[in-house]
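> Input file: input.csv. Contents: CSV, C-alpha atoms.
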```csv
chain,number,residue,atom,x,y,z
P,5,MET,CA,0.8,12.6,4.8
P,6,LYS,CA,-2.2,10.6,5.9
P,7,ILE,CA,-1.8,6.9,5.6
P,8,ALA,CA,-4.2,4.0,6.1
P,9,ILE,CA,-2.7,0.9,7.6
P,10,CYS,CA,-4.1,-2.5,8.1
P,11,CYS,CA,-3.2,-6.1,8.9
P,12,ASP,CA,-4.5,-9.5,9.9
P,13,HIS,CA,-3.1,-11.5,12.9
P,14,GLY,CA,-0.1,-12.6,10.8
P,15,GLY,CA,1.0,-9.1,10.1
P,16,LEU,CA,0.2,-7.5,13.5
P,17,ALA,CA,3.7,-7.3,14.8
P,18,LEU,CA,5.0,-5.7,11.6
P,19,LYS,CA,2.0,-3.4,11.4
P,20,ASN,CA,2.7,-2.1,14.9
P,21,ALA,CA,6.3,-1.4,14.1
P,22,VAL,CA,5.4,0.4,10.9
P,23,LEU,CA,2.6,2.3,12.7
P,24,ALA,CA,5.1,3.6,15.3
P,25,TYR,CA,7.6,4.6,12.6
P,26,LEU,CA,4.9,6.5,10.7
P,27,ARG,CA,3.8,8.4,13.8
P,28,GLU,CA,7.4,9.1,14.8
P,29,ASN,CA,8.0,10.6,11.4
P,30,GLY,CA,5.0,13.0,11.6
P,31,HIS,CA,2.5,11.1,9.5
P,32,LYS,CA,-1.2,10.9,10.4
P,33,VAL,CA,-2.4,7.3,10.4
P,34,LYS,CA,-5.8,5.7,10.1
P,35,ASP,CA,-5.5,2.3,11.7
P,36,CYS,CA,-8.0,0.0,10.0
P,37,GLY,CA,-7.1,-3.0,12.3
P,38,THR,CA,-6.7,-5.6,13.4
P,39,THR,CA,-5.4,-4.7,16.9
P,40,CYS,CA,-5.1,-8.2,18.4
P,41,ALA,CA,-3.4,-11.4,17.6
P,42,ASP,CA,-6.6,-13.5,17.4
P,43,SER,CA,-7.2,-15.2,14.1
P,44,CYS,CA,-9.1,-13.0,11.7
P,45,ASP,CA,-9.9,-12.5,8.0
P,46,TYR,CA,-7.6,-10.1,6.2
P,47,PRO,CA,-10.3,-9.0,3.6
P,48,ASP,CA,-12.2,-7.2,6.4
P,49,PHE,CA,-9.3,-4.9,7.3
P,50,ALA,CA,-7.8,-4.6,3.8
P,51,LEU,CA,-11.1,-3.4,2.4
P,52,LEU,CA,-11.4,-0.6,5.0
P,53,ALA,CA,-7.9,0.6,4.2
P,54,ALA,CA,-8.4,0.4,0.5
P,55,GLU,CA,-11.6,2.3,0.7
P,56,ALA,CA,-9.8,5.1,2.7
P,57,VAL,CA,-7.2,5.3,-0.1
P,58,ALA,CA,-9.7,5.2,-3.0
P,59,SER,CA,-11.9,7.9,-1.4
P,60,GLY,CA,-9.0,10.2,-0.9
P,61,GLU,CA,-9.4,10.2,2.8
P,62,CYS,CA,-5.8,8.8,2.9
P,63,GLU,CA,-3.1,9.6,0.4
P,64,ARG,CA,-1.4,6.1,0.8
P,65,GLY,CA,-2.1,2.7,2.3
P,66,ILE,CA,0.1,0.1,3.9
P,67,PHE,CA,-1.3,-3.4,4.0
P,68,VAL,CA,0.3,-6.3,6.0
P,69,CYS,CA,-0.5,-10.0,6.3
P,70,THR,CA,1.8,-13.0,6.6
P,71,SER,CA,2.7,-13.1,2.9
P,72,GLY,CA,1.4,-9.7,1.8
P,73,ILE,CA,-0.3,-11.5,-1.1
P,74,GLY,CA,-3.9,-11.7,0.3
P,75,VAL,CA,-4.1,-8.1,1.3
P,76,SER,CA,-2.6,-6.9,-2.0
P,77,ILE,CA,-5.3,-8.9,-3.9
P,78,VAL,CA,-8.0,-7.3,-1.8
P,79,ALA,CA,-6.6,-3.8,-2.2
P,80,ASN,CA,-6.4,-4.1,-5.9
P,81,LYS,CA,-10.1,-5.0,-6.2
P,82,VAL,CA,-11.0,-1.5,-5.1
P,83,PRO,CA,-11.0,0.9,-8.1
P,84,GLY,CA,-8.4,3.6,-7.7
P,85,VAL,CA,-6.1,1.6,-5.6
P,86,ARG,CA,-2.7,0.5,-7.1
P,87,CYS,CA,-1.1,-1.8,-4.5
P,88,ALA,CA,2.3,-3.3,-4.9
P,89,LEU,CA,3.7,-6.2,-2.9
P,90,CYS,CA,7.3,-5.2,-2.2
P,91,ALA,CA,10.0,-7.2,-0.4
P,92,GLU,CA,12.9,-4.8,-1.0
P,93,PRO,CA,13.4,-1.0,-1.5
P,94,LEU,CA,14.1,-1.1,-5.2
P,95,SER,CA,10.6,-2.4,-6.0
P,96,ALA,CA,9.1,0.2,-3.7
P,97,ARG,CA,10.9,3.0,-5.6
P,98,MET,CA,10.1,1.6,-9.0
P,99,THR,CA,6.4,1.1,-8.3
P,100,ARG,CA,6.1,4.7,-7.1
P,101,GLU,CA,8.1,6.1,-10.0
P,102,HIS,CA,6.5,4.0,-12.8
P,103,ASN,CA,3.1,3.0,-11.5
P,104,ASP,CA,2.2,5.8,-9.1
P,105,ALA,CA,1.3,3.1,-6.6
P,106,ASN,CA,-0.7,4.5,-3.8
P,107,ALA,CA,-0.6,1.3,-1.6
P,108,LEU,CA,2.1,-0.9,-0.4
P,109,ALA,CA,1.8,-4.5,0.8
P,110,LEU,CA,4.3,-6.2,3.1
P,111,GLY,CA,4.6,-9.8,4.2
P,112,GLY,CA,5.0,-9.9,7.9
P,113,GLY,CA,6.3,-13.5,7.8
P,114,TYR,CA,8.9,-12.7,5.2
P,115,VAL,CA,10.2,-9.2,5.7
P,116,GLY,CA,11.9,-8.2,9.0
P,117,VAL,CA,11.2,-4.9,10.7
P,118,ASN,CA,14.4,-3.0,9.6
P,119,LEU,CA,13.9,-4.0,6.0
P,120,ALA,CA,10.2,-3.2,6.1
P,121,LEU,CA,10.8,0.3,7.5
P,122,GLU,CA,13.3,1.0,4.7
P,123,ILE,CA,10.8,-0.2,2.2
P,124,VAL,CA,8.1,2.1,3.7
P,125,ARG,CA,10.5,5.0,3.8
P,126,VAL,CA,11.4,4.6,0.1
P,127,PHE,CA,7.7,4.1,-0.8
P,128,LEU,CA,6.6,7.3,1.0
P,129,GLU,CA,9.5,9.5,-0.2
P,130,THR,CA,9.6,8.5,-3.9
P,131,PRO,CA,7.5,10.7,-6.2
P,132,PHE,CA,5.8,9.6,-9.3
P,133,SER,CA,8.1,10.3,-12.3
P,134,GLN,CA,5.4,12.2,-14.2
P,135,GLY,CA,7.0,10.7,-17.4
P,136,GLU,CA,4.5,10.7,-20.3
P,137,ASN,CA,5.0,7.0,-20.8
P,138,HIS,CA,4.2,6.3,-17.1
P,139,LYS,CA,1.2,8.6,-17.1
P,140,ARG,CA,-0.1,6.9,-20.2
P,141,ARG,CA,0.2,3.4,-18.6
P,142,VAL,CA,-1.5,4.5,-15.3
P,143,ALA,CA,-4.3,6.0,-17.4
P,144,LYS,CA,-4.7,2.6,-19.1
P,145,ILE,CA,-4.9,0.9,-15.8
P,146,ALA,CA,-7.7,3.3,-14.8
P,147,GLU,CA,-9.5,2.5,-18.0
P,148,ILE,CA,-9.3,-1.2,-17.3
P,149,GLU,CA,-10.8,-0.5,-13.8
P,150,LYS,CA,-13.7,1.4,-15.4
P,151,LYS,CA,-14.4,-1.4,-17.9
P,152,TYR,CA,-14.7,-4.0,-15.2
P,153,SER,CA,-16.2,-1.9,-12.4
P,154,LYS,CA,-20.0,-2.2,-12.4
```
What would you get if you wrote out this structure as structure tokens?


Amino acid sequence: MKIAICCDHGGLALKNAVLAYLRENGHKVKDCGTTCADSCDYPDFALLAAEAVASGECERGIFVCTSGIGVSIVANKVPGVRCALCAEPLSARMTREHNDANALALGGGYVGVNLALEIVRVFLETPFSQGENHKRRVAKIAEIEKKYSK
């Protein structure tokens, strides 16, 4: 699977751990930055990763900042991206099964490496349920995007 990954300075350490995990497990990765610990603006990097997911260049995205909140807000501004902030594996499983989320946000200041890697594993391995009720709801999300995308 090809995965876009990004972070700001607050998520750099966790992003690097996730990046290594992804590569070790055979995934192709588009690293959208940042690559240094200097203070930076998360929207710059989150937009690049979100656009890679929305365009289909990458199947999934992983977004990291200190809280995970800022990057998830940016990601969800891009039509076609359904990003969920997850702090434990059950949320990761549920957002894949029910929402067909294609992006995951993590808070580098809140989630340790071992837990984050388990969240990532579950997020990447869990398929969308294909349940009619879930497909209907994801379609409604897409309609809302169309309505407000100009």

> Between P:Gly15, P:Pro93, P:Gly30, P:Gly113, which residue has the minimum interatomic distance to Ala50 of chain P, considering all atoms listed in the file?

P:Gly15

> Which neighbours of segment 42-48 of chain P fall inside 8 Å, counting all atoms listed in the file, when residues of the same chain fewer than 5 positions from it are skipped, and could you give them as a PyMOL selection string?

chain P and resi 11-13+69+74-75+78

> Can you work out the spacing between atom CA of Asn103 of chain P and atom CA of Leu26 of chain P in Å, to one decimal?

22.5 Å

> Compare P:Ala91, P:Ile7, P:Val82, P:Ala41 by their minimum atom-to-atom distance to Tyr152 of chain P, counting all atoms listed in the file, and give me the closest one.

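Counting all atoms listed in the file, the residue closest to Tyr152 of chain P is P:Val82.
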
> Let me make sure I understand: among P:His102, P:Lys34, P:Arg97, P:Lys6, which one has the smallest atom-to-atom distance to Arg64 of chain P if we use all atoms listed in the file?

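Counting all atoms listed in the file, the residue closest to Arg64 of chain P is P:Lys6.
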
> From the set P:Ile9, P:Cys90, P:Ile73, P:Ala56, which residue has the shortest atom-to-atom contact distance to Val126 of chain P, counting all atoms listed in the file?

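Answer, going by the shortest atom-to-atom distance: P:Cys90.
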
> If we count all atoms listed in the file, what is near Phe127 of chain P at a cut-off of 12 Å, once residues fewer than 5 positions away on the same chain are taken out, given as JSON, numbers by chain?

{"P": [7, 64, 65, 66, 87, 88, 89, 90, 91, 92, 93, 94, 95, 96, 97, 98, 99, 100, 101, 103, 104, 105, 106, 107, 108, 109, 110, 120, 121, 122, 132]}

> Just the number, please: distance in Å from atom CA of Gly111 of chain P to atom CA of Ile148 of chain P, one decimal.

27.0 Å

> Please report the interatomic distance between atom CA of Glu63 of chain P and atom CA of Leu119 of chain P in Å with one decimal.

22.5 Å
